[in-house]
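A.B. asks: Just so it is clear, I am handing over final.pdb, which has PDB, C-alpha atoms.
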```pdb
ATOM      1  CA  VAL A  31      -8.670  17.516 -13.191
ATOM      2  CA  LYS A  32      -9.554  14.415 -11.180
ATOM      3  CA  MET A  33      -6.844  11.807 -10.736
ATOM      4  CA  ASP A  34      -6.180   8.660  -8.732
ATOM      5  CA  ARG A  35      -5.183   9.232  -5.118
ATOM      6  CA  PHE A  36      -3.027   6.876  -3.062
ATOM      7  CA  ILE A  37      -3.837   7.757   0.546
ATOM      8  CA  ILE A  38      -1.626   6.470   3.367
ATOM      9  CA  GLU A  39      -3.609   6.539   6.618
ATOM     10  CA  CYS A  40      -0.901   7.256   9.198
ATOM     11  CA  SER A  41      -3.142   6.764  12.216
ATOM     12  CA  LEU A  42      -3.278   2.999  11.726
ATOM     13  CA  TRP A  43       0.331   2.393  12.734
ATOM     14  CA  ARG A  44      -0.311   3.000  16.445
ATOM     15  CA  VAL A  45      -2.707   0.090  16.840
ATOM     16  CA  GLY A  46      -0.007  -2.574  16.824
ATOM     17  CA  SER A  47       1.160  -3.841  20.209
ATOM     18  CA  LEU A  48       4.814  -3.436  19.231
ATOM     19  CA  GLU A  49       4.426   0.121  17.999
ATOM     20  CA  THR A  50       4.601   2.813  20.664
ATOM     21  CA  ILE A  51       4.911   6.554  20.451
ATOM     22  CA  GLU A  52       8.636   6.250  21.232
ATOM     23  CA  ASN A  53       9.034   4.370  17.942
ATOM     24  CA  ALA A  54       7.326   7.105  15.914
ATOM     25  CA  PRO A  55      10.499   8.610  14.375
ATOM     26  CA  LYS A  56      11.780   5.190  13.293
ATOM     27  CA  VAL A  57       8.438   4.145  11.810
ATOM     28  CA  ALA A  58       8.047   7.529  10.135
ATOM     29  CA  ARG A  59      11.484   7.226   8.532
ATOM     30  CA  LEU A  60      10.598   3.806   7.139
ATOM     31  CA  LEU A  61       7.371   5.244   5.749
ATOM     32  CA  LEU A  62       9.031   8.320   4.233
ATOM     33  CA  ARG A  63      11.662   6.222   2.482
ATOM     34  CA  GLN A  64       8.901   4.130   0.915
ATOM     35  CA  VAL A  65       7.101   7.317  -0.097
ATOM     36  CA  GLU A  66      10.248   8.592  -1.789
ATOM     37  CA  ARG A  67      10.429   5.409  -3.869
ATOM     38  CA  MET A  68       6.760   5.832  -4.731
ATOM     39  CA  THR A  69       7.247   9.393  -5.968
ATOM     40  CA  ILE A  70      10.063   8.227  -8.229
ATOM     41  CA  GLN A  71       7.824   5.511  -9.688
ATOM     42  CA  ASN A  72       4.995   8.010 -10.020
ATOM     43  CA  ALA A  73       7.194  10.449 -11.958
ATOM     44  CA  LEU A  74       8.032   7.687 -14.437
ATOM     45  CA  HIS A  75       4.285   7.432 -15.079
ATOM     46  CA  ASN A  76       3.741  11.180 -15.552
ATOM     47  CA  ASN A  77       2.526  11.577 -11.956
ATOM     48  CA  ALA A  78      -0.527   9.413 -12.549
ATOM     49  CA  PHE A  79      -1.361   9.430  -8.823
ATOM     50  CA  HIS A  80      -1.671  12.076  -6.150
ATOM     51  CA  ILE A  81       0.038  10.591  -3.071
ATOM     52  CA  ILE A  82      -1.317  11.768   0.279
ATOM     53  CA  LEU A  83       0.042  11.108   3.761
ATOM     54  CA  ASN A  84      -3.111  11.539   5.772
ATOM     55  CA  ASN A  85      -3.280  12.364   9.471
ATOM     56  CA  THR A  86       0.476  12.617  10.156
ATOM     57  CA  SER A  87      -0.370  14.022  13.601
ATOM     58  CA  ALA A  88      -0.885  10.384  14.633
ATOM     59  CA  PHE A  89       2.888  10.074  14.911
ATOM     60  CA  GLY A  90       2.868  12.641  17.717
ATOM     61  CA  PRO A  91       5.328  15.508  18.301
ATOM     62  CA  THR A  92       8.331  13.198  17.989
ATOM     63  CA  PHE A  93       7.590  12.908  14.275
ATOM     64  CA  HIS A  94       9.136  16.331  13.675
ATOM     65  CA  SER A  95      11.718  16.222  16.483
ATOM     66  CA  SER A  96      13.965  13.686  14.761
ATOM     67  CA  ASN A  97      16.656  15.309  12.608
ATOM     68  CA  GLU A  98      16.591  12.472  10.100
ATOM     69  CA  THR A  99      12.817  12.678   9.786
ATOM     70  CA  GLN A 100      12.999  16.456   9.373
ATOM     71  CA  ASN A 101      15.580  16.054   6.620
ATOM     72  CA  LEU A 102      13.421  13.502   4.819
ATOM     73  CA  ILE A 103      10.364  15.748   5.037
ATOM     74  CA  LYS A 104      12.398  18.714   3.790
ATOM     75  CA  HIS A 105      13.616  16.573   0.902
ATOM     76  CA  LEU A 106      10.110  15.369   0.016
ATOM     77  CA  THR A 107       8.645  18.874   0.115
ATOM     78  CA  LYS A 108      10.893  20.077  -2.683
ATOM     79  CA  PRO A 109       8.993  21.308  -5.765
ATOM     80  CA  LYS A 110       9.838  18.200  -7.791
ATOM     81  CA  PHE A 111       7.910  16.105  -5.257
ATOM     82  CA  THR A 112       5.067  18.405  -4.213
ATOM     83  CA  LYS A 113       3.485  18.234  -7.667
ATOM     84  CA  SER A 114       2.117  14.826  -6.682
ATOM     85  CA  LEU A 115       2.774  14.524  -2.935
ATOM     86  CA  HIS A 116       0.813  16.097  -0.091
ATOM     87  CA  PHE A 117       1.218  15.940   3.705
ATOM     88  CA  SER A 118      -1.906  16.446   5.812
ATOM     89  CA  HIS A 119      -1.445  16.965   9.558
ATOM     90  CA  SER A 120      -5.089  16.103  10.243
ATOM     91  CA  SER A 121      -7.460  13.696   8.556
ATOM     92  CA  ILE A 122      -8.948  14.864   5.257
ATOM     93  CA  ILE A 123     -10.581  11.541   4.356
ATOM     94  CA  PRO A 124     -14.163  12.967   4.455
ATOM     95  CA  GLN A 125     -13.251  15.687   1.959
ATOM     96  CA  LEU A 126     -11.451  13.238  -0.303
ATOM     97  CA  CYS A 127     -14.350  10.782  -0.244
ATOM     98  CA  SER A 128     -16.849  13.446  -1.241
ATOM     99  CA  ASP A 129     -15.708  13.881  -4.836
ATOM    100  CA  GLN A 130     -14.760  10.384  -6.021
ATOM    101  CA  LYS A 131     -15.133   6.729  -5.099
ATOM    102  CA  THR A 132     -12.959   5.452  -2.254
ATOM    103  CA  ILE A 133     -11.828   1.930  -1.392
ATOM    104  CA  VAL A 134      -9.578   0.527   1.317
ATOM    105  CA  LEU A 135      -6.934  -2.020   0.353
ATOM    106  CA  SER A 136      -6.663  -4.656   3.057
ATOM    107  CA  PRO A 137      -4.963  -8.072   2.970
ATOM    108  CA  ASN A 138      -7.823  -9.379   5.116
ATOM    109  CA  SER A 139     -10.658  -8.322   2.839
ATOM    110  CA  PRO A 140     -12.747 -11.151   1.369
ATOM    111  CA  ASN A 141     -13.252  -9.067  -1.793
ATOM    112  CA  LEU A 142     -10.856  -9.439  -4.712
ATOM    113  CA  LEU A 143      -9.639  -6.433  -6.709
ATOM    114  CA  GLU A 144      -9.412  -8.378  -9.939
ATOM    115  CA  LYS A 145      -9.750  -5.288 -12.132
ATOM    116  CA  VAL A 146      -8.261  -1.895 -11.235
ATOM    117  CA  PRO A 147     -10.786   0.813 -12.186
ATOM    118  CA  LEU A 148      -9.733   3.048 -15.066
ATOM    119  CA  SER A 149     -11.675   5.995 -13.682
ATOM    120  CA  PRO A 150     -10.125   8.124 -10.888
ATOM    121  CA  MET A 151     -10.301   6.481  -7.455
ATOM    122  CA  ASN A 152      -9.141   6.997  -3.890
ATOM    123  CA  TYR A 153      -7.100   4.053  -2.597
ATOM    124  CA  ILE A 154      -6.557   4.043   1.174
ATOM    125  CA  VAL A 155      -3.795   1.861   2.607
ATOM    126  CA  GLY A 156      -2.639   1.246   6.148
ATOM    127  CA  GLY A 157       0.889   0.311   5.203
ATOM    128  CA  ILE A 158       2.500   0.904   8.550
ATOM    129  CA  ILE A 159      -0.051  -1.180  10.397
ATOM    130  CA  ASP A 160       0.816  -4.095   8.132
ATOM    131  CA  ARG A 161       4.200  -4.286   9.848
ATOM    132  CA  THR A 162       2.469  -5.472  13.002
ATOM    133  CA  ARG A 163       0.536  -8.236  11.203
ATOM    134  CA  ARG A 164      -2.453  -7.597  13.427
ATOM    135  CA  LYS A 165      -5.426  -9.243  11.767
ATOM    136  CA  ASN A 166      -8.263  -7.166  10.307
ATOM    137  CA  ILE A 167      -6.973  -3.723  11.367
ATOM    138  CA  SER A 168      -7.298  -2.109   7.934
ATOM    139  CA  LEU A 169     -10.444  -4.143   7.254
ATOM    140  CA  ASN A 170     -12.054  -2.868  10.461
ATOM    141  CA  TYR A 171     -11.046   0.664   9.494
ATOM    142  CA  ALA A 172     -12.950   0.267   6.228
ATOM    143  CA  ILE A 173     -16.006  -1.148   7.983
ATOM    144  CA  ASP A 174     -15.977   1.567  10.664
ATOM    145  CA  HIS A 175     -15.847   4.265   7.974
ATOM    146  CA  ASN A 176     -18.431   2.551   5.752
ATOM    147  CA  LEU A 177     -15.941   2.149   2.893
ATOM    148  CA  GLU A 178     -15.609  -0.629   0.345
ATOM    149  CA  HIS A 179     -12.578  -2.864   0.822
ATOM    150  CA  TYR A 180     -10.559  -5.190  -1.399
ATOM    151  CA  ARG A 181      -7.356  -7.210  -1.434
ATOM    152  CA  LEU A 182      -4.929  -7.687  -4.310
ATOM    153  CA  PRO A 183      -5.215 -11.042  -6.149
ATOM    154  CA  ILE A 184      -1.721 -12.241  -5.273
ATOM    155  CA  ILE A 185      -2.524 -15.858  -4.512
ATOM    156  CA  GLU A 186      -5.062 -16.174  -7.352
ATOM    157  CA  SER A 187      -2.766 -14.765 -10.061
ATOM    158  CA  LEU A 188       0.587 -16.205  -9.015
ATOM    159  CA  PHE A 189       0.134 -19.573  -7.392
ATOM    160  CA  VAL A 190      -1.291 -23.017  -7.934
ATOM    161  CA  TYR A 191      -2.980 -24.106  -4.722
ATOM    162  CA  GLU A 192      -5.536 -26.488  -3.297
ATOM    163  CA  PRO A 193      -8.575 -24.545  -1.984
ATOM    164  CA  GLU A 194      -8.722 -26.666   1.160
ATOM    165  CA  SER A 195      -4.964 -26.567   1.756
ATOM    166  CA  VAL A 196      -3.890 -25.840   5.330
ATOM    167  CA  HIS A 197      -1.769 -23.015   3.895
ATOM    168  CA  HIS A 198      -4.447 -21.565   1.642
ATOM    169  CA  GLN A 199      -6.234 -19.381   4.173
ATOM    170  CA  LYS A 200      -2.990 -17.901   5.447
ATOM    171  CA  SER A 201      -1.731 -17.351   1.891
ATOM    172  CA  LYS A 202      -4.755 -15.211   1.061
ATOM    173  CA  ASN A 203      -3.465 -12.620   3.523
ATOM    174  CA  ILE A 204      -0.045 -12.014   1.983
ATOM    175  CA  ILE A 205       1.185  -8.576   3.059
ATOM    176  CA  LEU A 206       3.171  -6.266   0.780
ATOM    177  CA  ASN A 207       4.979  -2.989   1.407
ATOM    178  CA  ILE A 208       2.953   0.058   0.440
ATOM    179  CA  ASN A 209       5.397   1.057  -2.296
ATOM    180  CA  THR A 210       4.958  -2.427  -3.820
ATOM    181  CA  VAL A 211       1.172  -2.026  -3.783
ATOM    182  CA  PHE A 212       1.553   1.412  -5.353
ATOM    183  CA  THR A 213       3.810   0.123  -8.137
ATOM    184  CA  ALA A 214       1.278  -2.610  -8.926
ATOM    185  CA  LEU A 215      -1.642  -0.154  -9.085
ATOM    186  CA  LEU A 216       0.292   2.051 -11.503
ATOM    187  CA  GLN A 217       0.049  -0.750 -14.069
ATOM    188  CA  LYS A 218      -3.788  -0.793 -13.887
ATOM    189  CA  PRO A 219      -4.155  -4.597 -14.244
ATOM    190  CA  GLN A 220      -7.501  -5.589 -15.771
ATOM    191  CA  ASP A 221      -7.529  -9.348 -15.134
ATOM    192  CA  LEU A 222      -5.578 -12.075 -13.313
ATOM    193  CA  TYR A 223      -3.181 -12.528 -16.215
ATOM    194  CA  GLU A 224      -2.253  -8.848 -16.136
ATOM    195  CA  TRP A 225      -1.845  -9.007 -12.350
ATOM    196  CA  LYS A 226       0.573 -11.915 -12.772
ATOM    197  CA  HIS A 227       2.497  -9.953 -15.401
ATOM    198  CA  THR A 228       2.630  -6.943 -13.055
ATOM    199  CA  PHE A 229       3.866  -8.997 -10.120
ATOM    200  CA  THR A 230       6.518 -10.956 -12.024
ATOM    201  CA  THR A 231       7.851  -8.816 -14.872
ATOM    202  CA  SER A 232      11.203  -7.101 -14.358
ATOM    203  CA  SER A 233      11.891  -3.747 -15.985
ATOM    204  CA  SER A 234      14.180  -0.749 -15.761
ATOM    205  CA  GLU A 235      11.705   0.682 -13.243
ATOM    206  CA  SER A 236      11.463  -2.502 -11.156
ATOM    207  CA  PRO A 237      14.578  -4.673 -11.680
ATOM    208  CA  ASN A 238      13.250  -7.295  -9.264
ATOM    209  CA  HIS A 239       9.899  -9.043  -9.159
ATOM    210  CA  LEU A 240       7.389  -7.245  -6.964
ATOM    211  CA  ILE A 241       6.670 -10.466  -5.080
ATOM    212  CA  PRO A 242       9.792 -11.535  -3.119
ATOM    213  CA  LYS A 243      10.979 -15.132  -3.431
ATOM    214  CA  ARG A 244      10.462 -15.575   0.317
ATOM    215  CA  ILE A 245       6.696 -15.412  -0.286
ATOM    216  CA  TYR A 246       6.851 -18.582  -2.374
ATOM    217  CA  LYS A 247       8.738 -20.450   0.344
ATOM    218  CA  MET A 248       6.776 -19.009   3.248
ATOM    219  CA  HIS A 249       3.392 -20.181   1.948
ATOM    220  CA  HIS A 250       4.423 -23.618   0.648
ATOM    221  CA  ILE A 251       2.812 -23.100  -2.734
ATOM    222  CA  GLN A 252       4.019 -23.504  -6.297
ATOM    223  CA  PRO A 253       4.340 -20.683  -8.848
ATOM    224  CA  ARG A 254       1.711 -20.777 -11.576
ATOM    225  CA  ASP A 255       3.090 -21.403 -15.098
TER     226      ASP A 255
END
```
The structure given in the file should be rewritten as C-alpha cells.
C.D. replies:
Amino acid sequence: VKMDRFIIECSLWRVGSLETIENAPKVARLLLRQVERMTIQNALHNNAFHIILNNTSAFGPTFHSSNETQNLIKHLTKPKFTKSLHFSHSSIIPQLCSDQKTIVLSPNSPNLLEKVPLSPMNYIVGGIIDRTRRKNISLNYAIDHNLEHYRLPIIESLFVYEPESVHHQKSKNIILNINTVFTALLQKPQDLYEWKHTFTTSSSESPNHLIPKRIYKMHHIQPRD
C-alpha cells in the first residue's frame, strides 16, 4: 500500500561552513531526537507517514561511534518505531522517486505549497542544513536532482505584511525544525486558512503553537486576525 514518505536527506548537513565531520555525533543526536518526536506524532495519526533517514553514511564513521547516538539508534529501531521508520546507510532517493511523485521542501523555493496533496507523496527535507542558514542549499539540491520544490505558506497564512516591506523578502524564508514541518504536513492543510489553523491551534498533541513567538518579533510583522 502506497503512503506518504517524509525523507530526511542527511547528506545536506555537511554543506554548512560551521558543520564539520567532528560535529557529526552532536548533529546526529539533534536529528534523532527530532525524529523520535516525529514518530510519536506519526503514531497518533495511525502512522500516516513512512519516515526515512536517507544517506546516513554522510555523517561518517563517528555517527555510530558515539555512545549516545548508538543508544538513540537502538531505541529508534525497536519494533514500535520500525513500523514507520527506516534508516538507509546509502541514498535510495532514485528508488523512492520511481513509484510516486517527489517534492523537496525548501524555505528558499519561490513556489508555495498552498494545498498538501491528498494522494501519497515523497517529501524530501534537508532539516539539518537549515541549521546553517546557508541560502538555497535545499533549493539547489532540488534543482540538481530535477525535483519540484515548494515552501510552506507561513508568511502568507499567518501575517499581515506589505509586499514591498524591507522585511518581507527575509520573512518568506522562515526556517522551521523538521519535526515542526512534519507535524504541519500531518494535518494535510488544503488552503491558507487551514494552514493558519495548523500553525496556531494548540492541542493535546501540540500544546504550543507550531510557530514560535520569536518568529513574530524577528520579522517585524503583525499576526493576521
A.B. asks: Expressed in Å to a single decimal, how great is the separation between CA of Thr69 in chain A and CA of Phe36 in chain A?
C.D. replies: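 Those two atoms sit 11.0 Å apart.
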A.B. asks: Restricting the calculation to all atoms listed in the file, which member of A:Cys127, A:Val146, A:Ala78, A:Val65 is positioned closest to His105 in chain A?
C.D. replies: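 Answer, going by the shortest atom-to-atom distance: A:Val65.
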A.B. asks: Separation of CA of His119 in chain A and CA of Asn84 in chain A, in Å?
C.D. replies: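 CA of Asn84 in chain A lies 6.8 Å from CA of His119 in chain A.
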A.B. asks: Report, in Å to a single decimal, how far apart CA of Leu102 in chain A and CA of Leu62 in chain A are.
C.D. replies: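 Taking CA of Leu62 in chain A and CA of Leu102 in chain A, their separation equals 6.8 Å.
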A.B. asks: Apply the PyMOL selection byres ((chain A and resi 79) around 9) to the file shown and report the selected residues as a VMD selection string.
C.D. replies: chain A and resid 33 to 36 72 75 to 78 80 to 81 114 to 115 216
A.B. asks: Which residue, A:Ser41, A:Ser87, A:Thr112, A:Ser139, has the smallest gap to Ala73 in chain A when you use only C-alpha atoms?
C.D. replies: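 With only C-alpha atoms as the atom set, the closest residue is A:Thr112.
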A.B. asks: Between A:Ile38, A:Val134, A:Val57, A:Leu106, single out the one closest to His175 in chain A, counting only C-alpha atoms.
C.D. replies: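 For His175 in chain A, the nearest of the given residues is A:Val134.
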A.B. asks: In file coordinates, which residues lie within 10 Å of (-10.5, -7.6, -2.8) using all atoms listed in the file, given as a PyMOL selection string?
C.D. replies: chain A and resi 133-145+178-183
A.B. asks: For the file shown, report as a list in words the outcome of the PyMOL selection byres ((chain A and resi 63) around 12) at residue level.
C.D. replies: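 Selected by the PyMOL selection byres ((chain A and resi 63) around 12) in this file: Lys56, Val57, Ala58, Arg59, Leu60, Leu61, Leu62, Gln64, Val65, Glu66, Arg67, Met68, Thr69, Ile70, Glu98, Thr99, Asn101, Leu102, Ile103, His105, Leu106, Asn207, Ile208 and Asn209 of chain A.
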A.B. asks: Between A:Ser187, A:Val31, A:Asn170, A:Gln217, which one has atoms that come closest to Pro150 in chain A, using all atoms listed in the file?
C.D. replies: A:Val31
A.B. asks: Here is a test: counting only C-alpha atoms, which residue of A:Val211, A:Gln100, A:Tyr171, A:Glu39 is nearest to Ile154 in chain A?
C.D. replies: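 Ranking A:Val211, A:Gln100, A:Tyr171, A:Glu39 by distance to Ile154 in chain A, first place goes to A:Glu39.
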A.B. asks: Kindly list the centre and edge lengths in Å, rounded to one decimal, for the axis-aligned box that covers all listed atoms of range 181-184 of chain A plus 3 Å on each of its six sides, as JSON.
C.D. replies:
```
{"center_x": -4.5, "center_y": -9.7, "center_z": -3.8, "size_x": 11.6, "size_y": 11.0, "size_z": 10.7}
```
A.B. asks: So that I can see what lies close to Tyr223 in chain A, please list as a ChimeraX atom specification the residues with an atom at most 9 Å from it, counting all atoms listed in the file and leaving out residues fewer than 4 positions away in the same chain.
C.D. replies: /A:187-188,219,227-228
A.B. asks: Residues at most 12 Å from Ser128 in chain A, counting only C-alpha atoms, excluding those fewer than 4 positions away in the same chain, as a list in words?
C.D. replies: Ile122, Ile123, Pro124, Thr132, Met151 and Asn152 of chain A
A.B. asks: Please list as a PyMOL selection string every residue within 8 Å of Cys40 in chain A, counting all atoms listed in the file and excluding residues in the same chain fewer than 6 positions away.
C.D. replies: chain A and resi 83-86+88-89+156+158
A.B. asks: Please produce an output containing C-alpha atoms for each residue in the selection, written as an mmCIF file, in the coordinates of the input.
C.D. replies:
```cif
data_model
loop_
_atom_site.group_PDB
_atom_site.id
_atom_site.type_symbol
_atom_site.label_atom_id
_atom_site.label_comp_id
_atom_site.auth_asym_id
_atom_site.auth_seq_id
_atom_site.Cartn_x
_atom_site.Cartn_y
_atom_site.Cartn_z
ATOM 1 C CA LEU A 83 0.042 11.108 3.761
ATOM 2 C CA ASN A 84 -3.111 11.539 5.772
ATOM 3 C CA ASN A 85 -3.280 12.364 9.471
ATOM 4 C CA THR A 86 0.476 12.617 10.156
ATOM 5 C CA ALA A 88 -0.885 10.384 14.633
ATOM 6 C CA PHE A 89 2.888 10.074 14.911
ATOM 7 C CA GLY A 156 -2.639 1.246 6.148
ATOM 8 C CA ILE A 158 2.500 0.904 8.550
#
```
